[in-house]
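Student: Compact mmCIF, C-alpha atoms, file final-v4.txt:
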```
# COMPACT_ATOMS: atom_id res chain seq x y z
CA MET A 1 0.00 0.00 0.00
CA PRO A 2 1.42 3.45 -0.85
CA ARG A 3 2.35 5.55 2.17
CA THR A 4 2.03 9.33 2.46
CA PRO A 5 5.16 11.13 3.70
CA LEU A 6 4.90 14.68 4.92
CA ALA A 7 7.74 16.96 3.84
CA LEU A 8 9.09 19.52 6.28
CA ALA A 9 12.35 21.48 6.23
CA ILE A 10 14.25 24.03 8.32
CA LEU A 11 15.05 27.75 7.91
CA ALA A 12 14.96 30.86 10.21
CA ALA A 13 13.24 34.12 11.50
CA LEU A 14 11.70 37.17 9.69
CA GLY A 15 11.20 40.85 8.67
CA LEU A 16 8.46 42.69 6.80
CA ALA A 17 8.65 45.27 4.01
CA ALA A 18 5.90 47.68 2.99
CA PRO A 19 4.12 46.93 -0.30
CA THR A 20 4.93 49.07 -3.30
CA ALA A 21 2.25 51.14 -5.03
CA ALA A 22 1.98 48.53 -7.77
CA GLN A 23 1.54 45.75 -5.23
CA ALA A 24 -1.36 47.60 -3.63
CA HIS A 25 -3.39 47.29 -6.86
CA SER A 26 -5.94 44.61 -7.54
CA PRO A 27 -4.85 41.95 -10.06
CA PHE A 28 -8.00 42.38 -12.11
CA HIS A 29 -9.16 46.00 -12.55
CA GLY A 30 -6.34 48.20 -11.21
CA PRO A 31 -7.01 50.15 -7.99
CA VAL A 32 -10.14 49.21 -6.06
CA ALA A 33 -12.01 51.10 -3.36
CA HIS A 34 -12.42 49.11 -0.17
CA VAL A 35 -13.03 49.48 3.53
CA ALA A 36 -10.07 50.27 5.75
CA ALA A 37 -7.82 47.29 6.44
CA TYR A 38 -8.36 45.44 9.69
CA VAL A 39 -5.17 45.13 11.75
CA PRO A 40 -5.54 42.82 14.77
CA ASN A 41 -3.70 43.44 18.05
CA ASP A 42 -1.84 40.11 18.22
CA PRO A 43 1.79 40.82 19.21
CA GLY A 44 3.68 38.03 17.43
CA ARG A 45 6.83 37.12 19.34
CA GLY A 46 6.82 40.24 21.50
CA VAL A 47 4.33 42.36 23.40
CA THR A 48 3.69 45.18 20.92
CA ALA A 49 0.15 45.13 19.53
CA GLY A 50 0.06 44.40 15.81
CA ASN A 51 3.54 42.91 15.61
CA TRP A 52 2.09 39.67 14.21
CA ALA A 53 2.65 41.33 10.83
CA ARG A 54 6.41 41.30 11.31
CA VAL A 55 6.27 37.53 11.66
CA GLN A 56 3.46 36.62 9.27
CA TRP A 57 4.83 37.95 5.99
CA ASN A 58 2.59 35.37 4.36
CA PHE A 59 -0.50 37.29 5.48
CA ALA A 60 0.62 40.93 5.27
CA GLY A 61 3.92 41.18 3.40
CA PRO A 62 4.46 42.37 -0.19
CA PHE A 63 3.98 38.80 -1.40
CA GLY A 64 1.45 37.72 1.18
CA VAL A 65 -2.24 37.04 0.61
CA ASN A 66 -3.46 40.54 1.64
CA ALA A 67 -5.18 39.33 4.81
CA PRO A 68 -5.94 42.75 6.42
CA ASP A 69 -8.12 43.86 3.50
CA ALA A 70 -9.76 40.43 3.31
CA TRP A 71 -10.56 40.59 7.01
CA ALA A 72 -12.11 44.02 6.51
CA ASN A 73 -14.22 42.67 3.65
CA LEU A 74 -15.57 39.90 5.85
CA ILE A 75 -16.32 42.26 8.74
CA ALA A 76 -18.26 44.46 6.32
CA ALA A 77 -20.13 41.37 5.09
CA GLY A 78 -21.15 40.49 8.65
CA ALA A 79 -19.13 37.28 8.72
CA PRO A 80 -15.84 38.19 10.43
CA GLY A 81 -13.03 35.77 9.70
CA GLY A 82 -15.27 33.47 7.65
CA LYS A 83 -17.82 32.86 10.39
CA GLY A 84 -20.07 29.88 9.78
CA VAL A 85 -17.89 27.92 7.35
CA ILE A 86 -16.39 24.52 8.21
CA VAL A 87 -12.96 23.52 6.91
CA ALA A 88 -11.88 19.91 7.39
CA VAL A 89 -8.16 19.44 8.09
CA LEU A 90 -7.08 15.90 7.22
CA ASP A 91 -3.67 15.57 8.79
CA THR A 92 -1.79 14.32 11.88
CA GLY A 93 -4.62 15.56 14.08
CA VAL A 94 -4.94 18.94 15.79
CA ALA A 95 -4.18 20.17 19.32
CA TYR A 96 -7.83 21.14 19.71
CA ALA A 97 -8.66 20.04 23.28
CA ASN A 98 -7.26 19.18 26.70
CA ARG A 99 -7.66 15.44 27.13
CA GLY A 100 -5.36 13.18 29.12
CA SER A 101 -1.79 14.00 28.12
CA PHE A 102 -2.94 16.11 25.17
CA ARG A 103 -3.19 19.89 25.37
CA ARG A 104 -5.06 22.43 23.31
CA SER A 105 -2.82 24.97 21.63
CA PRO A 106 -2.99 28.19 23.70
CA ASP A 107 -3.94 30.25 20.63
CA LEU A 108 -6.74 27.99 19.43
CA LYS A 109 -10.24 28.51 20.85
CA PRO A 110 -12.46 25.54 21.72
CA SER A 111 -15.26 27.21 19.75
CA SER A 112 -13.10 27.04 16.59
CA PHE A 113 -13.72 23.30 16.22
CA VAL A 114 -16.49 20.91 15.32
CA ARG A 115 -16.43 17.21 16.03
CA GLY A 116 -13.92 15.22 13.99
CA TYR A 117 -12.57 11.70 13.97
CA ASP A 118 -9.31 9.77 14.32
CA PHE A 119 -9.04 7.24 11.48
CA ILE A 120 -5.64 6.04 12.75
CA ASP A 121 -6.72 5.06 16.28
CA HIS A 122 -10.39 4.65 15.31
CA ASP A 123 -11.89 6.89 17.94
CA PRO A 124 -13.56 10.35 18.06
CA TYR A 125 -10.45 12.09 19.44
CA PRO A 126 -8.23 13.34 16.57
CA ASP A 127 -5.45 14.64 18.85
CA ASP A 128 -2.11 15.66 17.37
CA SER A 129 1.07 13.89 18.46
CA GLU A 130 3.29 15.39 15.76
CA GLY A 131 2.58 19.12 15.27
CA HIS A 132 2.05 19.34 11.52
CA GLY A 133 -1.74 19.25 11.66
CA THR A 134 -1.81 21.86 14.42
CA HIS A 135 0.34 24.20 12.31
CA VAL A 136 -1.96 23.73 9.30
CA ALA A 137 -5.11 24.30 11.36
CA SER A 138 -3.56 27.39 12.95
CA THR A 139 -2.96 28.96 9.54
CA ILE A 140 -6.72 28.73 9.11
CA VAL A 141 -8.26 29.41 12.55
CA GLU A 142 -5.61 30.61 15.00
CA ALA A 143 -7.30 33.05 17.38
CA THR A 144 -7.08 36.62 16.12
CA ASN A 145 -7.30 40.03 17.84
CA ASN A 146 -6.93 38.36 21.24
CA ALA A 147 -3.60 40.07 22.12
CA THR A 148 -1.89 36.66 21.94
CA GLU A 149 0.77 35.32 19.55
CA LEU A 150 -0.23 35.21 15.85
CA THR A 151 -3.32 35.27 13.63
CA GLY A 152 -5.39 32.87 11.51
CA LEU A 153 -6.52 33.75 8.00
CA ALA A 154 -10.09 32.45 8.45
CA TYR A 155 -10.19 32.99 12.20
CA GLY A 156 -14.01 32.98 12.33
CA ALA A 157 -14.41 29.66 10.52
CA ARG A 158 -14.40 26.32 12.30
CA VAL A 159 -12.05 23.40 11.71
CA MET A 160 -13.12 19.77 11.61
CA PRO A 161 -9.97 17.87 12.73
CA ILE A 162 -9.64 14.50 11.01
CA ARG A 163 -6.60 12.37 11.74
CA VAL A 164 -5.51 10.33 8.73
CA LEU A 165 -1.72 10.43 9.25
CA ASP A 166 0.19 8.66 12.01
CA THR A 167 2.91 9.93 14.33
CA LYS A 168 5.42 9.64 11.47
CA GLY A 169 3.22 11.80 9.24
CA GLU A 170 2.28 8.83 7.06
CA GLY A 171 -1.03 7.41 5.90
CA ASP A 172 -2.54 5.30 3.15
CA SER A 173 -5.09 5.98 0.44
CA PRO A 174 -8.09 4.12 1.93
CA THR A 175 -7.66 5.89 5.27
CA ILE A 176 -7.45 9.32 3.66
CA ALA A 177 -10.45 8.47 1.48
CA ARG A 178 -12.50 7.61 4.55
CA GLY A 179 -11.51 10.97 6.01
CA VAL A 180 -12.66 12.81 2.89
CA ARG A 181 -16.04 11.07 2.92
CA TYR A 182 -16.47 11.74 6.64
CA ALA A 183 -15.80 15.46 6.08
CA VAL A 184 -18.39 15.66 3.29
CA ALA A 185 -20.98 13.77 5.32
CA HIS A 186 -20.52 16.01 8.37
CA GLY A 187 -20.83 19.42 6.78
CA ALA A 188 -17.38 20.55 5.67
CA LYS A 189 -17.42 23.03 2.78
CA VAL A 190 -13.65 22.91 2.24
CA ILE A 191 -11.23 19.99 2.78
CA ASN A 192 -7.50 20.64 3.24
CA LEU A 193 -5.06 17.89 2.25
CA SER A 194 -1.55 19.00 3.24
CA LEU A 195 -0.13 15.63 2.23
CA GLU A 196 1.32 13.94 -0.83
CA PHE A 197 2.20 10.55 -2.26
CA SER A 198 5.60 9.83 -3.76
CA ALA A 199 6.26 10.69 -7.40
CA ASP A 200 5.85 7.12 -8.64
CA VAL A 201 2.25 6.89 -7.41
CA VAL A 202 -0.37 7.23 -10.18
CA ALA A 203 -4.15 7.53 -10.08
CA ALA A 204 -4.64 3.80 -10.58
CA ASP A 205 -2.72 3.14 -7.35
CA ILE A 206 -5.14 5.16 -5.19
CA PRO A 207 -8.64 4.40 -6.55
CA SER A 208 -10.49 4.86 -3.26
CA LEU A 209 -9.04 8.35 -2.75
CA MET A 210 -9.69 9.36 -6.36
CA ALA A 211 -13.31 8.27 -5.93
CA ALA A 212 -13.63 10.15 -2.63
CA THR A 213 -12.34 13.45 -4.04
CA ARG A 214 -14.66 13.06 -7.03
CA TYR A 215 -17.55 12.48 -4.62
CA ALA A 216 -16.62 15.61 -2.64
CA ARG A 217 -16.57 17.77 -5.76
CA LYS A 218 -19.98 16.48 -6.86
CA ARG A 219 -21.34 17.34 -3.41
CA GLY A 220 -20.07 20.93 -3.72
CA VAL A 221 -17.10 20.54 -1.37
CA LEU A 222 -13.80 22.06 -2.49
CA VAL A 223 -10.79 19.79 -1.90
CA VAL A 224 -7.45 21.65 -1.68
CA GLY A 225 -4.20 19.69 -1.98
CA ALA A 226 -0.46 20.29 -1.61
CA ALA A 227 1.32 20.01 -4.98
CA GLY A 228 4.34 18.26 -3.44
CA ASN A 229 7.83 19.11 -2.25
CA GLU A 230 10.22 17.29 -4.59
CA GLY A 231 10.96 20.17 -6.96
CA SER A 232 9.54 17.91 -9.67
CA GLU A 233 7.89 19.00 -12.91
CA ARG A 234 4.95 16.81 -12.00
CA VAL A 235 2.29 17.59 -9.38
CA ALA A 236 1.96 14.82 -6.78
CA TYR A 237 -1.25 12.96 -6.01
CA PRO A 238 -3.80 13.56 -4.61
CA ALA A 239 -3.37 17.22 -5.66
CA ARG A 240 -2.94 16.10 -9.27
CA SER A 241 -6.48 14.75 -9.35
CA PRO A 242 -8.80 16.89 -11.50
CA ASP A 243 -11.13 16.98 -8.49
CA VAL A 244 -8.51 18.64 -6.23
CA LEU A 245 -7.23 22.23 -6.37
CA ALA A 246 -3.43 21.81 -6.56
CA VAL A 247 -1.42 24.40 -4.61
CA GLY A 248 2.27 25.16 -5.15
CA ALA A 249 4.46 27.25 -2.84
CA THR A 250 6.05 30.69 -3.10
CA THR A 251 8.69 32.44 -1.06
CA GLU A 252 8.79 35.71 0.81
CA HIS A 253 10.13 37.27 -2.41
CA GLY A 254 7.16 36.16 -4.52
CA CYS A 255 9.19 33.46 -6.27
CA LEU A 256 8.55 29.77 -6.74
CA SER A 257 9.91 27.86 -3.71
CA GLU A 258 12.82 25.62 -4.67
CA PHE A 259 11.06 22.49 -3.40
CA SER A 260 7.66 23.17 -4.97
CA ASN A 261 6.41 20.78 -7.65
CA THR A 262 5.20 22.28 -10.92
CA GLY A 263 3.45 21.01 -14.03
CA SER A 264 0.24 21.26 -16.03
CA GLY A 265 -1.85 20.08 -13.06
CA LEU A 266 -0.83 23.04 -10.90
CA ASP A 267 -3.75 25.40 -10.23
CA ILE A 268 -2.53 28.17 -7.92
CA VAL A 269 0.29 29.09 -5.53
CA ALA A 270 0.39 30.41 -1.97
CA PRO A 271 3.08 31.29 0.57
CA GLY A 272 5.08 28.23 1.57
CA GLY A 273 8.46 29.75 2.46
CA GLY A 274 11.94 28.54 1.62
CA ALA A 275 14.53 29.56 -0.93
CA ASP A 276 13.81 30.89 -4.43
CA ALA A 277 13.87 28.45 -7.33
CA ILE A 278 13.73 30.69 -10.41
CA ALA A 279 16.70 32.97 -11.01
CA THR A 280 15.21 34.42 -14.22
CA ASP A 281 12.18 35.99 -12.50
CA PRO A 282 12.72 39.58 -11.29
CA GLY A 283 13.82 39.70 -7.67
CA CYS A 284 14.44 35.95 -7.44
CA SER A 285 17.80 34.50 -6.53
CA PRO A 286 18.37 30.86 -5.54
CA ASP A 287 21.79 31.83 -4.17
CA GLY A 288 20.59 34.86 -2.20
CA ASP A 289 18.54 35.34 0.98
CA PRO A 290 16.50 32.16 1.35
CA GLY A 291 13.51 33.97 2.81
CA HIS A 292 11.61 32.82 5.85
CA ASP A 293 9.39 30.01 7.00
CA ILE A 294 5.65 30.02 7.65
CA PHE A 295 5.07 30.69 11.33
CA GLN A 296 2.07 29.63 13.43
CA VAL A 297 1.71 28.43 17.00
CA THR A 298 2.31 24.69 17.27
CA PHE A 299 4.60 22.28 19.14
CA THR A 300 8.10 23.63 19.68
CA ARG A 301 9.37 20.12 19.04
CA PHE A 302 7.50 17.35 17.25
CA GLY A 303 5.29 15.56 19.74
CA SER A 304 6.38 17.66 22.72
CA GLN A 305 2.96 19.12 23.70
CA ARG A 306 4.89 22.33 24.41
CA PHE A 307 3.77 25.25 22.30
CA GLY A 308 5.51 28.20 20.69
CA ILE A 309 6.32 29.68 17.28
CA PRO A 310 8.94 27.28 15.91
CA GLY A 311 10.92 27.54 12.70
CA GLY A 312 11.17 24.64 10.31
CA TYR A 313 7.76 24.78 8.69
CA GLU A 314 8.00 25.35 4.94
CA GLY A 315 6.41 23.44 2.10
CA THR A 316 3.36 23.08 -0.06
CA SER A 317 1.77 21.67 3.11
CA MET A 318 2.01 25.20 4.48
CA ALA A 319 0.77 26.79 1.24
CA ALA A 320 -2.43 24.74 0.93
CA PRO A 321 -4.21 26.04 4.07
CA HIS A 322 -3.85 29.64 2.81
CA VAL A 323 -6.04 28.61 -0.13
CA SER A 324 -8.44 26.59 2.04
CA ALA A 325 -8.85 29.56 4.37
CA THR A 326 -9.41 31.94 1.46
CA ALA A 327 -12.06 29.61 0.08
CA ALA A 328 -13.80 29.73 3.46
CA LEU A 329 -13.71 33.54 3.36
CA ILE A 330 -15.25 33.52 -0.14
CA VAL A 331 -18.10 31.31 1.04
CA ALA A 332 -18.78 33.45 4.12
CA SER A 333 -18.59 36.71 2.15
CA LYS A 334 -21.27 35.50 -0.31
CA VAL A 335 -19.55 37.43 -3.11
CA ILE A 336 -20.36 34.57 -5.52
CA GLY A 337 -23.58 33.49 -3.82
CA PRO A 338 -24.64 31.87 -0.56
CA ASP A 339 -23.59 28.30 -1.36
CA PRO A 340 -21.09 28.20 -4.23
CA THR A 341 -20.14 24.94 -5.86
CA ALA A 342 -16.62 23.55 -5.64
CA ASP A 343 -16.04 24.58 -9.25
CA ALA A 344 -17.29 28.13 -8.60
CA LEU A 345 -14.89 28.44 -5.65
CA ARG A 346 -12.01 27.13 -7.77
CA ASP A 347 -12.83 29.61 -10.54
CA ARG A 348 -13.02 32.56 -8.14
CA LEU A 349 -9.71 31.69 -6.49
CA GLU A 350 -7.97 31.37 -9.85
CA ALA A 351 -9.59 34.42 -11.46
CA THR A 352 -8.61 36.74 -8.59
CA ALA A 353 -5.09 35.37 -8.06
CA ARG A 354 -2.16 37.73 -8.47
CA ASP A 355 -0.32 36.97 -11.70
CA LEU A 356 3.31 35.86 -11.24
CA GLY A 357 5.91 34.95 -13.86
CA THR A 358 4.71 35.23 -17.45
CA PRO A 359 1.17 36.62 -17.99
CA GLY A 360 -1.69 34.16 -17.72
CA TYR A 361 -1.59 30.52 -16.74
CA GLU A 362 1.79 28.85 -16.51
CA THR A 363 3.01 25.58 -15.06
CA ARG A 364 5.28 27.18 -12.43
CA TYR A 365 2.70 29.45 -10.75
CA GLY A 366 -0.61 28.17 -12.10
CA TRP A 367 -3.04 31.08 -12.20
CA GLY A 368 -0.92 33.01 -9.69
CA LEU A 369 -0.65 33.85 -6.00
CA VAL A 370 -3.87 33.53 -4.01
CA ASN A 371 -5.23 36.97 -3.08
CA ALA A 372 -7.69 36.77 -0.19
CA ALA A 373 -8.66 40.45 -0.49
CA ALA A 374 -9.43 40.32 -4.23
CA ALA A 375 -11.27 37.03 -3.82
CA THR A 376 -13.62 38.53 -1.22
CA THR A 377 -14.20 41.90 -2.91
CA ALA A 378 -17.59 42.17 -4.61
CA GLY A 379 -17.40 42.17 -8.39
CA GLY A 380 -14.40 41.23 -10.47
CA PRO A 381 -13.99 38.11 -12.56
CA VAL A 382 -15.72 34.90 -11.56
CA ALA A 383 -13.60 32.63 -13.75
CA PRO A 384 -10.19 32.87 -15.43
CA VAL A 385 -9.80 32.94 -19.21
CA ARG A 386 -8.74 29.38 -19.90
CA THR A 387 -6.67 28.23 -22.85
CA PRO A 388 -5.83 24.58 -23.48
CA VAL A 389 -2.63 23.39 -21.77
CA PRO A 390 -0.88 20.36 -23.33
CA PRO A 391 -1.08 17.44 -20.90
CA ALA A 392 2.10 16.15 -19.28
CA PRO A 393 3.21 12.71 -20.47
CA ALA A 394 1.63 9.91 -18.45
CA PRO A 395 4.06 8.31 -15.97
CA ALA A 396 4.80 4.62 -16.14
CA ALA A 397 2.99 2.45 -13.61
CA PRO A 398 5.09 1.18 -10.69
CA ALA A 399 6.84 -2.13 -11.36
CA ALA A 400 5.13 -5.16 -9.91
CA ARG A 401 6.71 -6.50 -6.73
```
Show me the file's structure as structure tokens.
Tutor:
Amino acid sequence: MPRTPLALAILAALGLAAPTAAQAHSPFHGPVAHVAAYVPNDPGRGVTAGNWARVQWNFAGPFGVNAPDAWANLIAAGAPGGKGVIVAVLDTGVAYANRGSFRRSPDLKPSSFVRGYDFIDHDPYPDDSEGHGTHVASTIVEATNNATELTGLAYGARVMPIRVLDTKGEGDSPTIARGVRYAVAHGAKVINLSLEFSADVVAADIPSLMAATRYARKRGVLVVGAAGNEGSERVAYPARSPDVLAVGATTEHGCLSEFSNTGSGLDIVAPGGGADAIATDPGCSPDGDPGHDIFQVTFTRFGSQRFGIPGGYEGTSMAAPHVSATAALIVASKVIGPDPTADALRDRLEATARDLGTPGYETRYGWGLVNAAAATTAGGPVAPVRTPVPPAPAPAAPAAR
């Protein structure tokens, strides 16, 4: 049975630059009028209100997702932080509650969760023993404007924690498929899959998961997947499935991350940290400053149940929840209707993304960098202008053993 490794790596701390005038423009119609940006009081690593922005370049930096304007849009819509939307996080579990030796992360609220399930231990307690799932969930719903630590992009949404990966960060296709179906059956509108199979795995090897993601899409649930961390020109499964929105990673400089997979199946990119991969893009230098990680509150060491803001989290696993959270904000904002389909959400995310690299769709950046503010601003495009992309050659099936 194929196993599902999680890729993590290690880098360092952070700074934040102000956006240029050009970066303050919308990607679709030039300058847009909007309500004043919402700047929470969370202090980051210190005690100064608002200093979260010096740590979370991915939310508020020049190549972040423009969270402050998105937050303002949702407040104006009466659904602060994506209130009312459920995002399922299928991962190593989440530090969502105090139970036995497990502890809830100090910057996650009990009210930010709905009942989930542990498909590894087969019980209703999807606790995290590793830290990866807690980091992913925190990108989405970490408590915001509570004068504590950092912020979450869809802080008003609720996470459904579903454990499908073990303490080594590994899981198999049938287990993940059961998690997907559970999420659909229990009211999730968005499913986050910050996991990948190895490059030699093809669709025929994971039929139950392919069927589950197809089922989710038909039921109107958007499945978001990490494109993979091998630096390959082929998106990894399950993100490569046509029923999953494949997310690549970008750096603090707005460049493709050196580890991020690319290819014709890539849909969109989001902040994932790490070093730049493309020297030919303006401002990108693989040999220069590697940029910074994605920071959220989670375990300071894997499995420690001690919490802080550790380094070492970079990857398409970190990029995917930015897109899942933005999808939740779109749903709550009702800018494309009260209950958009999975395809409508995909189209809105892609149409409002910030173009990177060459104009239009390309296999390094997909439709561009997710822009939470543009995606939740009334009006604008509802779907990108699509042109046919030649399919990548089909990989050979794994040799029989």
Student: Pick out the closest residue to A:Ser101 from this set: A:Ser324, A:Gly78, A:Ser129, A:Leu150. Count only C-alpha atoms.
Tutor: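 For A:Ser101, the nearest of the candidates is A:Ser129.
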Student: Considering all atoms listed in the file, can you say which of A:Leu256, A:Phe295, A:Ala216, A:Asp243 comes closest to A:Ile309?
Tutor: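 Looking at the shortest contact to A:Ile309, the residue is A:Phe295.
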Student: Rounded to one decimal place, report the atom CA of A:Asn146-atom CA of A:Pro43 distance in Å.
Tutor: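 Going from atom CA of A:Asn146 over to atom CA of A:Pro43 covers 9.3 Å.
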Student: May I ask which of the residues A:Ser232, A:Thr358, A:Thr326, A:Asn261 is the closest one to A:Tyr155, counting all atoms listed in the file?
Tutor: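 Answer, going by the shortest atom-to-atom distance: A:Thr326.
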Student: Do you have the atom CA of A:Ser194-atom CA of A:Gly225 distance handy?
Tutor: 5.9 Å
Student: Would you mind listing what lies within 8 Å of A:Leu369 as a VMD selection string, with all atoms listed in the file counted and same-chain residues fewer than 2 positions away left out?
Tutor: chain A and resid 65 250 268 to 271 353 to 356 365 367 371
Student: With distances taken over all atoms listed in the file, which residue among A:Ser173, A:Ser333, A:Thr148, A:Thr363 lies nearest A:Gly265?
Tutor: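 Answer, going by the shortest atom-to-atom distance: A:Thr363.
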Student: Interatomic distance between atom CA of A:Val331 and atom CA of A:Ile191?
Tutor: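 Calculated distance between atom CA of A:Val331 and atom CA of A:Ile191 is 13.4 Å.
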